[in-house]
Amino acid sequence: MLLKLLALCLFTFLIYIPIAEARIRHYKWEVKYEYKSPDCYKKLVTTINGKSPGPTILAQEGDTVIVEVTNKLLLENLAIHWHGIRQIGTPWSDGTEGVTQCPVVPGDTFKYEFKVDRAGTYLYHAHYGMQRESGLYGSIRVSVPDNFTEPFAYDYDRSIILTDWFHKSTYEQATGLSSIPFVWVGEPQSLLIQGKGKFNCSSASLTADTCNTSNPECSPYAITIIPGKTYRLRVASLTALSALSFQIEGHNMTVVEADGHYVEPFVVKNLFIYSGETYSVLIKADQDPSRNYWMTTNVVGRPPNTTQGLGFLNYYPNHPRRSPPTVPPTGPIWNHTAPRLAQSLAIKAHHDFIVTPPTTSDRAIVFLNTQNRINGYVHWSVNNVSFTLPNTPYLIALKNKLHHVFNQTSPPEGYDSVNYDIYNVSKNPNATTSNAIYRLGFNTTVDIILQNANTMTVNNSETHPWHLHGHDFWVLGYGDGKFDMNKDPKKYNLVNPIRKNTVPLHPYGWTALRFKADNPGAWLFHCHIEAHFYMGMGVVFEEGIDKVGKLPSSIMGCGETRGVGRP
């Protein structure tokens, strides 16, 4: 009898133990153009509910996020990508126009629904044409499950996004890139910290209603901190072109997270960050509290023709608009590649959170990154093939076996590494265009070797941040010069490599990645520089398409699916 009573009490106790349940986070957004002055210069900006950057999505690991997006751009299509969210089981919500969905046409409302399966720092941004750089972007912050302890301690959590800012519209830029003679987009006019920058209005003949430095919209962004406290600062980059360095006057930063994965902590004075990357750094409010301090960001890897971005680290109770008494610190030398490569090599998985990669791969693909000409037009290419999107998105075409809508020929998996000179302008800069894709065996292990080379300009090799949709990959290594398939794999880090979704390819160097093709769908892998992807620098991987569930009709309505889906 006593045992039965104890069992009943235990059963009753278990019933009333509070269990954290996954929640639904519901957002409703209106996307439209508004006149804004993020760097004091007035221009059309793509806003979400009137703001740029848009609202921060806050969720907990395991939650479902629903975002209902209404396109009120009037004359422009729309798609939004959830950068770093793997979309396991929901490949149609990846938000990549031409790959996973038809674009959202003006006046329509589209519902994105996906699960955030891992805590970390992520992003969202437009993925239609070059639309991202017009202001449609924001943060996704996913907290850890209840009762989970992170491997570092902090008192408060803050987020900032770094971007570069152009005064020309995306249409003007795209037209120049698609013209003969070729018109490059040029260097950005400003660098923004959380959507705020400062253009020198006196540098051009501009009226006060066009450019006004006293406009509160372009007052420096300030993060208010309490003396003695430790802050987790989530720093992300969504630049259209620029690689950046970020620094905080008088404060070291301890790197603890990269792209949603815990890092073996290391200390930096300046953080190099490339478009599409996210980091968490810890800063201690341990300086003289009677003043504020500069936060600065500056361009690296390109000639510094853009004024550095400025913000304030505001020590409470100083006024957040109170300018620091010092000159803003300058960043590192723009063309010094060694420290940037050193930071890349320093990023390892935290010793308590190591997920070791498979020791070997089933397939190795080498991607030579080059600048080329096709019929007189300038393109970027991978293995001499410049990527183009089909009219019918790949996910729809593959699932419905519409083989005629894109090229079925397998694209090249390498280049003539013996004879190609990566240090000089190619003797034959010609290339071809194709919308063919790479088909990967489901659950196979794939190695990607990104190989950089000289552009069509003498003594020039650019930095390319590559982003993979639908996956994380292990970063096995970086190197200078030409990758050696016989020697360099022996140097791979198979012990504690970091996992990421975006990684830099340094000038005249190589970067080696490994991932499991275990997420059914069609996934884009591309350079995250807007102009470079627009000009053809990307590929698509298909894997396990037969395992993809029934496609929602909402992603259809273009190409071969015209008339299907949204009315």
# chains A, B, ... in the order shown; residues from 1 in each chain; ligands from 1

$ closest_atom_pairs --of "segment 463-516 of chain A" --to "segment 244-251 of chain A" --cutoff "12 Å" --atoms "only C-alpha atoms" --output "tab-separated table"
residue	atom	partner	partner_atom	distance
A:Thr463	CA	A:Leu244	CA	11.0
A:Pro465	CA	A:Leu244	CA	11.6
A:Pro504	CA	A:Leu244	CA	11.8

$ select_by_dssp --residues "segment 165-413 of chain A" --states "alpha helix (DSSP H)" --output "CSV table (one decimal) with C-alpha atoms, in the first residue's frame"
chain,number,residue,atom,x,y,z
A,170,THR,CA,20.6,49.1,-57.0
A,171,TYR,CA,19.1,49.6,-60.4
A,172,GLU,CA,21.8,52.1,-61.4
A,173,GLN,CA,24.5,49.7,-60.1
A,174,ALA,CA,23.1,46.7,-61.8
A,175,THR,CA,22.8,48.6,-65.1
A,176,GLY,CA,26.4,49.6,-65.0
A,177,LEU,CA,27.5,46.0,-64.2
A,338,ALA,CA,48.7,38.4,-42.9
A,339,PRO,CA,46.7,39.4,-39.8
A,340,ARG,CA,43.5,38.6,-41.5
A,341,LEU,CA,44.7,35.1,-42.4
A,342,ALA,CA,46.0,34.7,-38.8
A,343,GLN,CA,42.5,35.5,-37.4
A,344,SER,CA,40.9,32.9,-39.8
A,345,LEU,CA,43.4,30.3,-38.6
A,346,ALA,CA,42.8,31.2,-34.9
A,394,TYR,CA,15.4,24.8,-59.0
A,395,LEU,CA,13.5,23.4,-56.0
A,396,ILE,CA,10.3,23.4,-58.0
A,397,ALA,CA,11.9,22.1,-61.2
A,398,LEU,CA,13.7,19.3,-59.5
A,399,LYS,CA,10.8,18.1,-57.4

$ closest_residue --among "A:Leu524, A:Val503, A:Val355, A:Val235" --to "Ile437 of chain A" --atoms "only C-alpha atoms"
A:Leu524

$ residues_around --residues "Trp523 of chain A" --least-positions-apart "3" --cutoff "12 Å" --atoms "only C-alpha atoms" --output "PyMOL selection string"
chain A and resi 81+86-88+90-101+393-395+398+437-440+467-472+517-520+526+538-545

$ atom_distance --atom1 "atom CA of Thr433 of chain A" --atom2 "atom CA of Cys527 of chain A"
16.5 Å

$ residues_around --residues "Ser386 of chain A" --least-positions-apart "6" --cutoff "12 Å" --atoms "only C-alpha atoms" --output "VMD selection string"
chain A and resid 367 to 374 377 to 380 411 to 412 430 to 437 526 532 to 539

$ closest_residue --among "A:Gln60, A:Ser139, A:Thr213, A:Asn298" --to "Val116 of chain A" --atoms "only C-alpha atoms"
A:Gln60

$ decode --residues "segment 173-187 of chain A" --atoms "all heavy atoms" --output "tab-separated table (two decimals), in the first residue's frame"
chain	number	residue	atom	x	y	z
A	173	GLN	N	23.33	50.59	-60.23
A	173	GLN	CA	24.51	49.74	-60.12
A	173	GLN	C	24.42	48.53	-61.05
A	173	GLN	O	25.38	48.20	-61.76
A	173	GLN	CB	24.69	49.28	-58.68
A	173	GLN	CG	25.04	50.41	-57.71
A	173	GLN	CD	25.21	49.89	-56.30
A	173	GLN	OE1	25.91	48.92	-56.06
A	173	GLN	NE2	24.56	50.53	-55.34
A	174	ALA	N	23.27	47.85	-61.02
A	174	ALA	CA	23.10	46.65	-61.85
A	174	ALA	C	23.20	46.99	-63.33
A	174	ALA	O	23.76	46.22	-64.12
A	174	ALA	CB	21.76	45.99	-61.54
A	175	THR	N	22.67	48.15	-63.71
A	175	THR	CA	22.75	48.56	-65.11
A	175	THR	C	24.20	48.75	-65.54
A	175	THR	O	24.62	48.31	-66.63
A	175	THR	CB	21.95	49.85	-65.33
A	175	THR	OG1	20.57	49.62	-65.00
A	175	THR	CG2	22.04	50.31	-66.79
A	176	GLY	N	25.00	49.36	-64.69
A	176	GLY	CA	26.41	49.55	-65.00
A	176	GLY	C	27.17	48.24	-65.11
A	176	GLY	O	27.99	48.06	-66.01
A	177	LEU	N	26.85	47.30	-64.22
A	177	LEU	CA	27.52	46.00	-64.25
A	177	LEU	C	27.16	45.20	-65.49
A	177	LEU	O	27.92	44.33	-65.92
A	177	LEU	CB	27.14	45.19	-63.00
A	177	LEU	CG	27.55	45.77	-61.65
A	177	LEU	CD1	26.99	44.92	-60.51
A	177	LEU	CD2	29.07	45.86	-61.53
A	178	SER	N	25.99	45.50	-66.05
A	178	SER	CA	25.49	44.74	-67.21
A	178	SER	C	25.68	45.48	-68.52
A	178	SER	O	25.02	45.18	-69.51
A	178	SER	CB	23.99	44.44	-67.01
A	178	SER	OG	23.76	43.78	-65.79
A	179	SER	N	26.58	46.46	-68.54
A	179	SER	CA	26.74	47.32	-69.71
A	179	SER	C	28.09	47.13	-70.39
A	179	SER	O	29.04	46.62	-69.80
A	179	SER	CB	26.61	48.80	-69.30
A	179	SER	OG	25.32	49.08	-68.81
A	180	ILE	N	28.14	47.52	-71.65
A	180	ILE	CA	29.38	47.70	-72.39
A	180	ILE	C	29.44	49.17	-72.80
A	180	ILE	O	28.55	49.63	-73.52
A	180	ILE	CB	29.44	46.79	-73.64
A	180	ILE	CG1	29.38	45.32	-73.25
A	180	ILE	CG2	30.72	47.06	-74.41
A	180	ILE	CD1	29.36	44.38	-74.44
A	181	PRO	N	30.41	49.95	-72.34
A	181	PRO	CA	31.51	49.55	-71.45
A	181	PRO	C	31.02	49.28	-70.02
A	181	PRO	O	30.03	49.83	-69.57
A	181	PRO	CB	32.46	50.74	-71.51
A	181	PRO	CG	31.57	51.92	-71.77
A	181	PRO	CD	30.50	51.40	-72.71
A	182	PHE	N	31.77	48.44	-69.35
A	182	PHE	CA	31.49	48.05	-67.98
A	182	PHE	C	31.63	49.25	-67.04
A	182	PHE	O	32.56	50.04	-67.15
A	182	PHE	CB	32.47	46.94	-67.59
A	182	PHE	CG	32.38	46.49	-66.15
A	182	PHE	CD1	31.32	45.72	-65.72
A	182	PHE	CD2	33.39	46.82	-65.25
A	182	PHE	CE1	31.26	45.27	-64.40
A	182	PHE	CE2	33.34	46.37	-63.94
A	182	PHE	CZ	32.26	45.61	-63.51
A	183	VAL	N	30.66	49.39	-66.12
A	183	VAL	CA	30.70	50.46	-65.12
A	183	VAL	C	30.66	49.82	-63.73
A	183	VAL	O	29.63	49.28	-63.32
A	183	VAL	CB	29.52	51.45	-65.29
A	183	VAL	CG1	29.63	52.56	-64.24
A	183	VAL	CG2	29.49	52.03	-66.69
A	184	TRP	N	31.77	49.86	-63.04
A	184	TRP	CA	31.86	49.26	-61.71
A	184	TRP	C	31.08	50.10	-60.70
A	184	TRP	O	30.90	51.30	-60.88
A	184	TRP	CB	33.33	49.13	-61.30
A	184	TRP	CG	33.56	48.64	-59.91
A	184	TRP	CD1	34.27	49.26	-58.93
A	184	TRP	CD2	33.08	47.41	-59.33
A	184	TRP	NE1	34.27	48.50	-57.79
A	184	TRP	CE2	33.54	47.36	-58.00
A	184	TRP	CE3	32.30	46.36	-59.81
A	184	TRP	CZ2	33.25	46.30	-57.14
A	184	TRP	CZ3	32.00	45.30	-58.97
A	184	TRP	CH2	32.48	45.27	-57.65
A	185	VAL	N	30.61	49.46	-59.62
A	185	VAL	CA	29.78	50.15	-58.63
A	185	VAL	C	30.59	51.16	-57.83
A	185	VAL	O	30.03	52.07	-57.21
A	185	VAL	CB	29.11	49.15	-57.66
A	185	VAL	CG1	28.20	48.21	-58.41
A	185	VAL	CG2	30.14	48.37	-56.84
A	186	GLY	N	31.91	51.03	-57.84
A	186	GLY	CA	32.75	51.94	-57.07
A	186	GLY	C	32.77	51.57	-55.59
A	186	GLY	O	32.19	50.57	-55.16
A	187	GLU	N	33.45	52.39	-54.82
A	187	GLU	CA	33.52	52.16	-53.38
A	187	GLU	C	32.32	52.79	-52.69
A	187	GLU	O	31.73	53.76	-53.18
A	187	GLU	CB	34.82	52.75	-52.81
A	187	GLU	CG	36.08	52.18	-53.45
A	187	GLU	CD	36.15	50.66	-53.36
A	187	GLU	OE1	35.95	50.13	-52.25
A	187	GLU	OE2	36.43	50.02	-54.40
